$ cat start-v7.cif   # mmCIF, C-alpha atoms
data_protein
#
loop_
_atom_site.label_atom_id
_atom_site.label_comp_id
_atom_site.auth_asym_id
_atom_site.auth_seq_id
_atom_site.Cartn_x
_atom_site.Cartn_y
_atom_site.Cartn_z
CA MET A 1 18.96 -51.36 26.83
CA THR A 2 16.07 -51.28 29.21
CA VAL A 3 12.41 -51.02 28.33
CA GLU A 4 12.36 -47.53 29.79
CA ASN A 5 15.15 -46.42 27.46
CA ILE A 6 13.38 -47.85 24.40
CA ALA A 7 10.15 -46.14 25.42
CA ALA A 8 12.03 -42.90 25.84
CA ILE A 9 13.59 -43.20 22.36
CA ILE A 10 10.19 -43.96 20.80
CA ALA A 11 8.68 -40.98 22.60
CA LEU A 12 11.52 -38.77 21.35
CA LEU A 13 11.05 -40.07 17.79
CA ASN A 14 7.33 -39.40 18.01
CA ILE A 15 7.93 -35.88 19.22
CA TRP A 16 10.27 -35.21 16.27
CA LEU A 17 7.83 -36.80 13.88
CA PHE A 18 5.08 -34.61 15.27
CA ILE A 19 7.29 -31.50 14.95
CA LYS A 20 8.26 -32.44 11.40
CA LEU A 21 4.62 -32.94 10.40
CA PHE A 22 3.65 -29.65 12.04
CA VAL A 23 6.42 -27.76 10.20
CA LEU A 24 5.53 -29.37 6.87
CA VAL A 25 1.84 -28.55 7.25
CA LEU A 26 2.75 -24.99 8.23
CA LEU A 27 5.01 -24.60 5.21
CA PHE A 28 2.40 -26.12 2.95
CA PHE A 29 -0.14 -23.52 4.04
CA TYR A 30 2.54 -20.85 3.67
CA PHE A 31 3.07 -22.03 0.09
CA VAL A 32 -0.70 -21.85 -0.55
CA LEU A 33 -0.71 -18.33 0.87
CA SER A 34 2.12 -17.33 -1.46
CA LEU A 35 0.11 -18.66 -4.42
CA ILE A 36 -2.93 -16.66 -3.26
CA ILE A 37 -0.75 -13.55 -3.04
CA THR A 38 0.49 -14.18 -6.58
CA ARG A 39 -3.07 -14.44 -7.85
CA GLN A 40 -4.19 -11.39 -5.94
CA VAL A 41 -1.32 -9.26 -7.19
CA ASP A 42 -2.41 -10.17 -10.69
CA LEU A 43 -5.87 -8.83 -9.82
CA MET A 44 -4.36 -5.77 -8.14
CA ASN A 45 -2.40 -5.01 -11.28
CA GLN A 46 -5.60 -5.22 -13.29
CA VAL A 47 -7.31 -2.75 -10.94
CA LEU A 48 -4.35 -0.37 -10.92
CA GLY A 49 -1.71 -0.86 -13.56
CA THR A 50 1.54 1.06 -13.48
CA ARG A 51 4.90 0.76 -15.19
CA ILE A 52 6.32 -1.31 -12.36
CA SER A 53 3.42 -3.77 -12.36
CA PRO A 54 5.46 -6.44 -14.22
CA ALA A 55 8.29 -6.05 -11.70
CA ILE A 56 5.90 -6.48 -8.78
CA GLN A 57 4.38 -9.55 -10.42
CA THR A 58 7.84 -11.02 -10.97
CA ALA A 59 8.83 -10.38 -7.34
CA VAL A 60 5.70 -12.12 -6.10
CA VAL A 61 6.27 -15.13 -8.37
CA PHE A 62 9.87 -15.40 -7.10
CA HIS A 63 8.51 -15.23 -3.56
CA ALA A 64 6.16 -18.15 -4.25
CA ILE A 65 9.00 -20.15 -5.83
CA ALA A 66 11.21 -19.48 -2.78
CA VAL A 67 8.47 -20.72 -0.44
CA GLY A 68 8.08 -23.84 -2.60
CA ILE A 69 11.84 -24.50 -2.42
CA LEU A 70 11.73 -24.05 1.34
CA PHE A 71 8.95 -26.61 1.57
CA PHE A 72 11.01 -29.20 -0.32
CA LEU A 73 14.09 -28.34 1.75
CA ALA A 74 12.05 -28.99 4.87
CA VAL A 75 10.94 -32.36 3.50
CA VAL A 76 14.56 -33.34 2.86
CA LEU A 77 16.40 -31.79 5.81
CA ILE A 78 14.08 -32.15 8.77
CA MET B 1 -4.50 20.63 14.31
CA ALA B 2 -4.64 22.79 11.24
CA ARG B 3 -7.81 22.47 9.24
CA ILE B 4 -8.08 24.32 5.99
CA LYS B 5 -11.46 24.20 4.39
CA LEU B 6 -11.79 25.30 0.83
CA ALA B 7 -14.90 27.06 -0.34
CA PRO B 8 -17.24 25.07 -2.55
CA ALA B 9 -16.95 25.72 -6.25
CA ALA B 10 -20.03 27.91 -6.44
CA GLU B 11 -18.85 30.23 -3.70
CA SER B 12 -15.25 30.61 -4.69
CA GLU B 13 -15.56 32.50 -7.94
CA SER B 14 -14.96 35.85 -6.30
CA ALA B 15 -12.18 34.49 -4.15
CA PRO B 16 -8.52 35.14 -4.98
CA PRO B 17 -6.79 32.48 -7.10
CA GLU B 18 -5.14 30.85 -4.08
CA PRO B 19 -7.56 30.67 -1.18
CA THR B 20 -5.50 28.10 0.70
CA ALA B 21 -2.50 28.57 2.90
CA SER B 22 -0.27 26.74 0.46
CA PRO B 23 3.34 26.60 1.64
CA VAL B 24 4.66 27.05 -1.87
CA ALA B 25 3.78 30.21 -3.73
CA ALA B 26 3.19 29.94 -7.45
CA PRO B 27 5.88 31.55 -9.58
CA ALA B 28 5.07 35.07 -10.79
CA GLU B 29 5.15 34.17 -14.47
CA VAL B 30 2.43 31.56 -14.15
CA THR B 31 -0.03 33.36 -11.87
CA ALA B 32 -1.84 34.76 -14.90
CA SER B 33 -3.31 31.30 -15.50
CA PRO B 34 -4.38 29.59 -12.28
CA ALA B 35 -4.76 26.25 -14.03
CA ASN B 36 -1.18 26.31 -15.26
CA GLY B 37 -0.03 27.50 -11.84
CA VAL B 38 -1.61 24.61 -9.97
CA ASP B 39 -0.52 22.07 -12.57
CA ARG B 40 3.03 23.36 -12.47
CA GLU B 41 3.02 23.16 -8.71
CA LEU B 42 1.73 19.60 -8.91
CA LYS B 43 4.51 18.65 -11.31
CA GLN B 44 7.14 20.26 -9.10
CA LYS B 45 6.06 18.15 -6.16
CA SER B 46 5.59 14.99 -8.19
CA GLY B 47 7.88 12.08 -7.30
CA GLY B 48 9.16 8.95 -9.01
CA ARG B 49 7.62 5.54 -9.62
CA PHE B 50 7.36 4.63 -5.97
CA SER B 51 6.12 8.06 -4.99
CA ALA B 52 2.99 8.70 -2.99
CA PHE B 53 2.34 11.80 -5.07
CA ALA B 54 2.54 11.46 -8.84
CA ALA B 55 1.21 14.23 -11.05
CA PHE B 56 0.26 13.39 -14.64
CA PRO B 57 1.86 9.92 -14.35
CA ASP B 58 2.67 7.93 -17.48
CA GLY B 59 1.59 4.36 -17.96
CA VAL B 60 -1.10 4.34 -15.27
CA SER B 61 -4.32 2.50 -16.01
CA PHE B 62 -7.17 1.50 -13.76
CA THR B 63 -10.28 -0.58 -13.87
CA GLY B 64 -13.24 1.19 -15.42
CA GLU B 65 -11.08 3.75 -17.17
CA GLU B 66 -12.89 5.41 -20.04
CA THR B 67 -11.58 6.51 -23.40
CA GLY B 68 -10.05 9.96 -23.22
CA GLU B 69 -9.79 9.85 -19.46
CA ASN B 70 -6.42 11.03 -18.18
CA VAL B 71 -4.97 10.55 -14.74
CA ILE B 72 -4.02 13.90 -13.22
CA LEU B 73 -2.97 12.72 -9.79
CA LEU B 74 -2.06 9.33 -8.40
CA LEU B 75 -1.96 9.49 -4.63
CA ARG B 76 -1.06 7.06 -1.89
CA GLN B 77 -0.55 7.45 1.81
CA HIS B 78 2.58 9.44 2.58
CA ILE B 79 5.71 7.29 2.61
CA ILE B 80 6.29 8.20 6.26
CA THR B 81 3.21 6.15 7.19
CA ASN B 82 5.27 3.07 6.32
CA VAL B 83 7.79 3.70 9.09
CA PRO B 84 6.11 1.44 11.71
CA TRP B 85 6.28 -1.71 9.61
CA ILE B 86 9.79 -0.83 8.38
CA LEU B 87 10.92 -0.64 12.01
CA VAL B 88 9.27 -3.99 12.76
CA THR B 89 11.03 -5.45 9.71
CA THR B 90 14.40 -4.19 10.96
CA LEU B 91 13.81 -5.90 14.29
CA LEU B 92 12.72 -9.10 12.56
CA LEU B 93 15.88 -9.08 10.43
CA LEU B 94 18.14 -8.50 13.41
CA ALA B 95 16.44 -11.03 15.70
CA PRO B 96 18.18 -14.18 14.37
CA LEU B 97 21.56 -12.49 14.62
CA VAL B 98 21.17 -11.16 18.14
CA LEU B 99 18.34 -12.87 20.02
CA PHE B 100 18.60 -16.46 18.86
CA PRO B 101 22.32 -16.95 19.73
CA ALA B 102 21.59 -15.38 23.10
CA PHE B 103 18.68 -17.76 23.66
CA PHE B 104 20.81 -20.77 22.68
CA MET B 105 23.60 -19.69 25.00
CA ALA B 106 21.17 -19.13 27.86
CA GLY B 107 19.63 -22.54 27.20
CA ILE B 108 16.14 -21.11 26.62
CA ILE B 109 15.94 -22.86 23.24
CA PRO B 110 17.02 -26.54 23.36
CA PRO B 111 19.62 -27.71 20.86
CA VAL B 112 18.05 -28.80 17.58
CA PRO B 113 19.44 -30.61 14.51
CA ALA B 114 21.35 -28.49 11.99
CA GLY B 115 18.84 -29.16 9.21
CA PHE B 116 15.97 -27.99 11.34
CA ARG B 117 17.90 -24.87 12.31
CA LEU B 118 18.60 -24.05 8.65
CA VAL B 119 14.95 -24.49 7.67
CA ALA B 120 13.84 -22.39 10.66
CA LEU B 121 16.27 -19.62 9.73
CA LEU B 122 15.21 -19.61 6.08
CA PHE B 123 11.56 -19.65 7.13
CA TRP B 124 12.15 -16.69 9.43
CA TYR B 125 13.72 -14.55 6.71
CA LEU B 126 11.19 -15.62 4.10
CA ALA B 127 8.30 -14.84 6.45
CA THR B 128 9.89 -11.43 7.06
CA GLY B 129 10.00 -10.99 3.30
CA THR B 130 6.31 -11.89 3.07
CA TYR B 131 5.54 -9.35 5.79
CA VAL B 132 7.40 -6.67 3.81
CA LEU B 133 5.73 -7.73 0.58
CA LEU B 134 2.20 -7.61 2.01
CA ASN B 135 2.74 -4.22 3.65
CA PHE B 136 4.25 -2.80 0.48
CA LEU B 137 1.40 -4.18 -1.66
CA TYR B 138 -1.17 -2.79 0.75
CA TRP B 139 0.47 0.64 0.58
CA TYR B 140 1.11 0.58 -3.16
CA PHE B 141 -2.33 -0.54 -4.29
CA ASN B 142 -4.39 1.51 -1.86
CA ALA B 143 -4.43 4.44 -4.21
CA TYR B 144 -6.46 7.52 -4.89
CA LEU B 145 -6.81 8.76 -8.42
CA LEU B 146 -7.88 12.10 -9.71
CA THR B 147 -8.66 12.09 -13.41
CA ASN B 148 -9.97 14.82 -15.66
CA GLU B 149 -13.46 13.34 -15.16
CA ARG B 150 -13.69 11.89 -11.66
CA VAL B 151 -12.11 10.86 -8.42
CA VAL B 152 -11.41 7.18 -7.80
CA ASP B 153 -10.69 5.53 -4.47
CA ILE B 154 -9.16 2.04 -4.61
CA ASP B 155 -9.22 0.29 -1.25
CA TRP B 156 -7.75 -3.10 -0.41
CA PHE B 157 -8.91 -4.00 3.06
CA SER B 158 -7.05 -7.28 2.99
CA ILE B 159 -5.32 -9.36 0.39
CA ILE B 160 -8.65 -10.72 -0.81
CA TYR B 161 -11.14 -7.88 -0.38
CA ARG B 162 -11.19 -4.70 -2.42
CA ARG B 163 -13.50 -1.77 -3.03
CA VAL B 164 -13.29 0.68 -5.90
CA SER B 165 -15.44 3.80 -5.62
CA SER B 166 -15.62 6.73 -7.97
CA ALA B 167 -17.54 9.95 -8.42
CA GLN B 168 -17.73 12.42 -11.25
CA VAL B 169 -16.11 15.79 -10.62
CA SER B 170 -19.51 17.41 -11.28
CA LYS B 171 -20.91 15.53 -8.25
CA ILE B 172 -18.37 17.02 -5.85
CA GLN B 173 -19.96 19.46 -3.45
CA ASP B 174 -17.35 20.24 -0.86
CA ILE B 175 -13.63 19.67 -0.43
CA SER B 176 -11.65 20.04 2.75
CA ALA B 177 -8.01 19.42 3.54
CA THR B 178 -6.97 18.55 7.07
CA GLN B 179 -3.55 18.31 8.65
CA SER B 180 -3.25 17.22 12.23
CA GLY B 181 -0.17 16.63 14.30
CA VAL B 182 3.44 17.68 14.28
CA VAL B 183 4.62 14.86 12.01
CA ALA B 184 1.92 15.67 9.44
CA GLY B 185 2.97 19.31 9.54
CA ILE B 186 6.67 18.55 9.12
CA PHE B 187 6.19 16.12 6.24
CA ASP B 188 3.20 17.96 4.77
CA PHE B 189 0.61 15.24 4.62
CA GLY B 190 -2.99 14.99 5.73
CA ASP B 191 -6.51 14.04 4.76
CA VAL B 192 -8.57 15.36 1.89
CA VAL B 193 -12.29 14.85 2.43
CA ILE B 194 -14.51 15.09 -0.62
CA GLN B 195 -18.23 15.35 -0.10
CA THR B 196 -20.37 14.33 -3.00
CA ALA B 197 -23.96 14.95 -3.96
CA GLY B 198 -26.83 12.58 -3.33
CA GLU B 199 -26.29 9.03 -2.20
CA LEU B 200 -22.79 8.78 -3.57
CA PRO B 201 -20.17 7.90 -0.99
CA ASN B 202 -17.91 10.58 0.41
CA PHE B 203 -14.22 10.18 -0.24
CA ASP B 204 -11.52 10.39 2.35
CA PHE B 205 -8.02 10.53 0.93
CA GLU B 206 -6.10 9.59 4.06
CA ASN B 207 -2.59 10.80 4.81
CA VAL B 208 -1.88 11.97 1.28
CA PRO B 209 1.05 14.30 0.61
CA HIS B 210 0.35 18.00 0.03
CA PRO B 211 -3.36 17.87 0.95
CA GLN B 212 -3.88 21.60 0.39
CA LEU B 213 -2.52 21.34 -3.12
CA VAL B 214 -4.74 18.35 -3.89
CA ALA B 215 -7.75 20.23 -2.55
CA LYS B 216 -6.81 23.27 -4.60
CA LYS B 217 -6.63 21.20 -7.78
CA LEU B 218 -9.98 19.57 -7.01
CA ASN B 219 -11.50 22.95 -6.32
CA GLU B 220 -10.17 24.28 -9.58
CA MET B 221 -11.65 21.32 -11.45
CA THR B 222 -15.08 21.70 -9.85
CA GLU B 223 -15.03 25.43 -10.70
CA LYS B 224 -14.18 24.62 -14.29
CA GLU B 225 -16.90 21.98 -14.42
CA GLU B 226 -19.43 24.44 -13.04
CA LYS B 227 -18.49 27.09 -15.56
CA GLN B 228 -18.87 24.57 -18.35
CA TRP B 229 -22.26 23.57 -17.02
CA GLU B 230 -23.37 27.21 -16.79
CA ALA B 231 -22.23 27.86 -20.37
CA ASN B 232 -23.80 24.67 -21.68
CA PRO B 233 -26.38 23.28 -19.25
#

$ encode --input "start-v7.cif" --output "structure tokens"
Amino acid sequence: MTVENIAAIIALLNIWLFIKLFVLVLLFFYFVLSLIITRQVDLMNQVLGTRISPAIQTAVVFHAIAVGILFFLAVVLI
Amino acid sequence: MARIKLAPAAESESAPPEPTASPVAAPAEVTASPANGVDRELKQKSGGRFSAFAAFPDGVSFTGEETGENVILLLRQHIITNVPWILVTTLLLLAPLVLFPAFFMAGIIPPVPAGFRLVALLFWYLATGTYVLLNFLYWYFNAYLLTNERVVDIDWFSIIYRRVSSAQVSKIQDISATQSGVVAGIFDFGDVVIQTAGELPNFDFENVPHPQLVAKKLNEMTEKEEKQWEANP
């Protein structure tokens, strides 16, 4: 294996590491956004409460959980 | 553009019971009582839980609600106004099935590990879900309320900024209902502009269903309020 090949492998690894970090940071902020949405929907329901308010709140909580699971999947799979 | 302007409360006492060009005539048996007629018409046009037009809805509460205050109308923008983002959602859902395989086959997207592809696919669909959720929330919580005491306008400009304005029915000076465009005419939606006295903000109920009917109900309420005030100043 030549020096050029090793350098190429290291460069490739670095690129993937950079991509992985970028994706994880992106997903982390996405998870934070989903938590903000959850909090805001709680406020929205206080401003205007209807019979389906609990269902909306539940849907938003499930959404945040799904984003959290995706984040951990990304940590494991990428 | 069809613009129907209702007379202010003080000027409309000598006017016939239905001064607007309402597409639905009140049934003969209820014309004796205009209040019942309008209310019945409102109930006829009222929809379900996800409706943009709910008359006398159950289980609705809002911030600043006072004791004995009842919601007469809960309005949102007409459901047809959601079509643009629903179309975008359809495209977003179809994209991974159609576009991505085509891009891979054409070599536009380089081959990536299976795990990365799975995460990317899940992210795509979840982000589409978030897009749907935000648009739905924006539509659902941007509501206009008409209670037996006042009008309330709840605006969410973004997920973190809201404005709630209200004005007593007695402060309403002028009401106008506007319909513009073919689509608005077909689906019967438009704007109801409520001008209020003094420094209070004016209200613009945008793209609400049955704007003439809403204006008629508001006009009826202001008339009633004025009569009460004349009887007991």

$ closest_residue --input "start-v7.cif" --among "B:Gly115, B:Pro211, B:Glu69, B:Phe56" --to "Val75 of chain A" --atoms "only C-alpha atoms"
B:Gly115

$ closest_atom_pairs --input "start-v7.cif" --of "chain B" --to "chain A" --cutoff "9 Å" --atoms "all atoms listed in the file" --output "tab-separated table"
residue	atom	partner	partner_atom	distance
B:Arg49	CA	A:Ile52	CA	7.5
B:Phe50	CA	A:Ile52	CA	8.8
B:Pro57	CA	A:Thr50	CA	8.9
B:Asp58	CA	A:Arg51	CA	7.9
B:Gly59	CA	A:Thr50	CA	5.6
B:Val60	CA	A:Thr50	CA	4.6
B:Ser61	CA	A:Gly49	CA	4.9
B:Phe62	CA	A:Leu48	CA	4.4
B:Thr63	CA	A:Val47	CA	4.7
B:Gly64	CA	A:Val47	CA	8.4
B:Pro113	CA	A:Ile78	CA	8.0
B:Ala114	CA	A:Leu77	CA	8.6
B:Gly115	CA	A:Leu77	CA	4.9
B:Phe116	CA	A:Ile78	CA	5.2
B:Arg117	CA	A:Ile78	CA	9.0
B:Leu118	CA	A:Leu77	CA	8.5
B:Val119	CA	A:Ala74	CA	6.0
B:Ala120	CA	A:Ala74	CA	9.0
B:Leu122	CA	A:Leu70	CA	7.4
B:Phe123	CA	A:Leu70	CA	7.3
B:Leu126	CA	A:Val67	CA	7.3
B:Ala127	CA	A:Tyr30	CA	8.8
B:Gly129	CA	A:His63	CA	8.2
B:Thr130	CA	A:His63	CA	7.7
B:Leu133	CA	A:Val60	CA	8.0
B:Leu134	CA	A:Ile37	CA	8.3
B:Leu137	CA	A:Val41	CA	8.0
B:Phe141	CA	A:Met44	CA	6.8
B:Ala143	CA	A:Leu48	CA	8.3
B:Ile154	CA	A:Val47	CA	8.2
B:Trp156	CA	A:Met44	CA	8.9
B:Ile159	CA	A:Gln40	CA	6.7
B:Ile160	CA	A:Gln40	CA	6.8
B:Arg162	CA	A:Met44	CA	9.0
B:Val164	CA	A:Val47	CA	8.5

$ closest_residue --input "start-v7.cif" --among "B:Thr222, B:Thr67, B:Thr128, B:Thr90" --to "Arg150 of chain B" --atoms "all atoms listed in the file"
B:Thr222

$ closest_residue --input "start-v7.cif" --among "B:Asp39, B:Glu199, B:Glu206, B:Glu226" --to "Asp155 of chain B" --atoms "only C-alpha atoms"
B:Glu206

$ resolve_selection --input "start-v7.cif" --expression "the PyMOL selection byres ((chain B and resi 152) around 8)" --output "list in words"
Tyr144, Leu145, Leu146, Thr147, Arg150, Val151, Asp153, Ile154, Val164, Ser165, Ser166 and Ala167 of chain B

$ resolve_selection --input "start-v7.cif" --expression "the PyMOL selection byres ((chain B and resi 187) around 10)" --output "PyMOL selection string"
chain B and resi 78-80+182-186+188-190+209-210

$ write_last_selection --input "start-v7.cif" --atoms "C-alpha atoms" --output "PDB file, in the coordinates of the input"
ATOM      1  CA  HIS B  78       2.580   9.440   2.580  1.00  0.00           C
ATOM      2  CA  ILE B  79       5.710   7.290   2.610  1.00  0.00           C
ATOM      3  CA  ILE B  80       6.290   8.200   6.260  1.00  0.00           C
ATOM      4  CA  VAL B 182       3.440  17.680  14.280  1.00  0.00           C
ATOM      5  CA  VAL B 183       4.620  14.860  12.010  1.00  0.00           C
ATOM      6  CA  ALA B 184       1.920  15.670   9.440  1.00  0.00           C
ATOM      7  CA  GLY B 185       2.970  19.310   9.540  1.00  0.00           C
ATOM      8  CA  ILE B 186       6.670  18.550   9.120  1.00  0.00           C
ATOM      9  CA  ASP B 188       3.200  17.960   4.770  1.00  0.00           C
ATOM     10  CA  PHE B 189       0.610  15.240   4.620  1.00  0.00           C
ATOM     11  CA  GLY B 190      -2.990  14.990   5.730  1.00  0.00           C
ATOM     12  CA  PRO B 209       1.050  14.300   0.610  1.00  0.00           C
ATOM     13  CA  HIS B 210       0.350  18.000   0.030  1.00  0.00           C
TER      14      HIS B 210
END

$ closest_residue --input "start-v7.cif" --among "B:Leu42, B:Val192, B:Leu121, B:Leu200" --to "Leu92 of chain B" --atoms "all atoms listed in the file"
B:Leu121

$ atom_distance --input "start-v7.cif" --atom1 "atom CA of Phe203 of chain B" --atom2 "atom CA of Pro233 of chain B"
26.1 Å

$ atom_distance --input "start-v7.cif" --atom1 "atom CA of Pro201 of chain B" --atom2 "atom CA of Gln228 of chain B"
24.1 Å

$ atom_distance --input "start-v7.cif" --atom1 "atom CA of Ser158 of chain B" --atom2 "atom CA of Phe136 of chain B"
12.4 Å

$ residues_around --input "start-v7.cif" --residues "Leu218 of chain B" --least-positions-apart "3" --cutoff "12 Å" --atoms "all atoms listed in the file" --output "PyMOL selection string"
chain B and resi 6-9+35+38-39+42+72-73+145-151+168-177+192-195+211-215+221-225

$ decode --input "start-v7.cif" --residues "segment 35-44 of chain B" --atoms "all heavy atoms" --output "PDB file, in the first residue's frame"
ATOM      1  N   ALA B  35     -83.219  36.368  14.363  1.00  0.00           N
ATOM      2  CA  ALA B  35     -82.132  35.783  15.143  1.00  0.00           C
ATOM      3  C   ALA B  35     -82.113  34.273  14.979  1.00  0.00           C
ATOM      4  O   ALA B  35     -81.080  33.669  14.728  1.00  0.00           O
ATOM      5  CB  ALA B  35     -82.291  36.149  16.613  1.00  0.00           C
ATOM      6  N   ASN B  36     -83.295  33.651  15.097  1.00  0.00           N
ATOM      7  CA  ASN B  36     -83.371  32.207  14.919  1.00  0.00           C
ATOM      8  C   ASN B  36     -82.965  31.813  13.511  1.00  0.00           C
ATOM      9  O   ASN B  36     -82.330  30.795  13.306  1.00  0.00           O
ATOM     10  CB  ASN B  36     -84.791  31.717  15.208  1.00  0.00           C
ATOM     11  CG  ASN B  36     -85.095  31.771  16.693  1.00  0.00           C
ATOM     12  OD1 ASN B  36     -84.177  31.837  17.488  1.00  0.00           O
ATOM     13  ND2 ASN B  36     -86.355  31.782  17.032  1.00  0.00           N
ATOM     14  N   GLY B  37     -83.399  32.633  12.546  1.00  0.00           N
ATOM     15  CA  GLY B  37     -83.094  32.347  11.138  1.00  0.00           C
ATOM     16  C   GLY B  37     -81.613  32.308  10.882  1.00  0.00           C
ATOM     17  O   GLY B  37     -81.106  31.360  10.288  1.00  0.00           O
ATOM     18  N   VAL B  38     -80.904  33.315  11.349  1.00  0.00           N
ATOM     19  CA  VAL B  38     -79.450  33.369  11.141  1.00  0.00           C
ATOM     20  C   VAL B  38     -78.773  32.233  11.892  1.00  0.00           C
ATOM     21  O   VAL B  38     -77.892  31.562  11.354  1.00  0.00           O
ATOM     22  CB  VAL B  38     -78.882  34.741  11.586  1.00  0.00           C
ATOM     23  CG1 VAL B  38     -77.369  34.759  11.448  1.00  0.00           C
ATOM     24  CG2 VAL B  38     -79.493  35.856  10.771  1.00  0.00           C
ATOM     25  N   ASP B  39     -79.184  32.013  13.133  1.00  0.00           N
ATOM     26  CA  ASP B  39     -78.567  30.954  13.930  1.00  0.00           C
ATOM     27  C   ASP B  39     -78.787  29.590  13.292  1.00  0.00           C
ATOM     28  O   ASP B  39     -77.885  28.743  13.277  1.00  0.00           O
ATOM     29  CB  ASP B  39     -79.137  30.958  15.353  1.00  0.00           C
ATOM     30  CG  ASP B  39     -78.643  32.151  16.144  1.00  0.00           C
ATOM     31  OD1 ASP B  39     -77.748  32.857  15.639  1.00  0.00           O
ATOM     32  OD2 ASP B  39     -79.166  32.393  17.250  1.00  0.00           O
ATOM     33  N   ARG B  40     -79.995  29.392  12.767  1.00  0.00           N
ATOM     34  CA  ARG B  40     -80.281  28.106  12.126  1.00  0.00           C
ATOM     35  C   ARG B  40     -79.422  27.925  10.873  1.00  0.00           C
ATOM     36  O   ARG B  40     -78.888  26.843  10.618  1.00  0.00           O
ATOM     37  CB  ARG B  40     -81.764  28.026  11.763  1.00  0.00           C
ATOM     38  CG  ARG B  40     -82.161  26.661  11.237  1.00  0.00           C
ATOM     39  CD  ARG B  40     -83.632  26.507  11.111  1.00  0.00           C
ATOM     40  NE  ARG B  40     -84.287  26.510  12.417  1.00  0.00           N
ATOM     41  CZ  ARG B  40     -85.564  26.221  12.608  1.00  0.00           C
ATOM     42  NH1 ARG B  40     -86.331  25.922  11.596  1.00  0.00           N
ATOM     43  NH2 ARG B  40     -86.082  26.233  13.818  1.00  0.00           N
ATOM     44  N   GLU B  41     -79.273  29.021  10.160  1.00  0.00           N
ATOM     45  CA  GLU B  41     -78.431  28.970   8.959  1.00  0.00           C
ATOM     46  C   GLU B  41     -76.980  28.664   9.321  1.00  0.00           C
ATOM     47  O   GLU B  41     -76.293  27.899   8.640  1.00  0.00           O
ATOM     48  CB  GLU B  41     -78.513  30.318   8.239  1.00  0.00           C
ATOM     49  CG  GLU B  41     -78.391  30.212   6.735  1.00  0.00           C
ATOM     50  CD  GLU B  41     -78.651  31.539   6.043  1.00  0.00           C
ATOM     51  OE1 GLU B  41     -79.421  32.366   6.569  1.00  0.00           O
ATOM     52  OE2 GLU B  41     -78.044  31.747   4.991  1.00  0.00           O
ATOM     53  N   LEU B  42     -76.529  29.268  10.420  1.00  0.00           N
ATOM     54  CA  LEU B  42     -75.164  29.010  10.890  1.00  0.00           C
ATOM     55  C   LEU B  42     -74.983  27.534  11.231  1.00  0.00           C
ATOM     56  O   LEU B  42     -73.990  26.912  10.866  1.00  0.00           O
ATOM     57  CB  LEU B  42     -74.859  29.854  12.131  1.00  0.00           C
ATOM     58  CG  LEU B  42     -74.703  31.360  11.954  1.00  0.00           C
ATOM     59  CD1 LEU B  42     -74.570  32.038  13.311  1.00  0.00           C
ATOM     60  CD2 LEU B  42     -73.511  31.695  11.098  1.00  0.00           C
ATOM     61  N   LYS B  43     -75.980  26.985  11.923  1.00  0.00           N
ATOM     62  CA  LYS B  43     -75.890  25.578  12.333  1.00  0.00           C
ATOM     63  C   LYS B  43     -75.918  24.651  11.124  1.00  0.00           C
ATOM     64  O   LYS B  43     -75.230  23.624  11.110  1.00  0.00           O
ATOM     65  CB  LYS B  43     -77.039  25.235  13.277  1.00  0.00           C
ATOM     66  CG  LYS B  43     -76.805  25.731  14.703  1.00  0.00           C
ATOM     67  CD  LYS B  43     -77.969  25.390  15.595  1.00  0.00           C
ATOM     68  CE  LYS B  43     -77.739  25.932  16.993  1.00  0.00           C
ATOM     69  NZ  LYS B  43     -78.927  25.772  17.844  1.00  0.00           N
ATOM     70  N   GLN B  44     -76.721  25.030  10.116  1.00  0.00           N
ATOM     71  CA  GLN B  44     -76.788  24.197   8.909  1.00  0.00           C
ATOM     72  C   GLN B  44     -75.433  24.115   8.217  1.00  0.00           C
ATOM     73  O   GLN B  44     -75.060  23.087   7.673  1.00  0.00           O
ATOM     74  CB  GLN B  44     -77.815  24.780   7.934  1.00  0.00           C
ATOM     75  CG  GLN B  44     -79.251  24.425   8.264  1.00  0.00           C
ATOM     76  CD  GLN B  44     -80.239  25.128   7.377  1.00  0.00           C
ATOM     77  OE1 GLN B  44     -79.875  25.991   6.580  1.00  0.00           O
ATOM     78  NE2 GLN B  44     -81.507  24.793   7.526  1.00  0.00           N
TER      79      GLN B  44
END
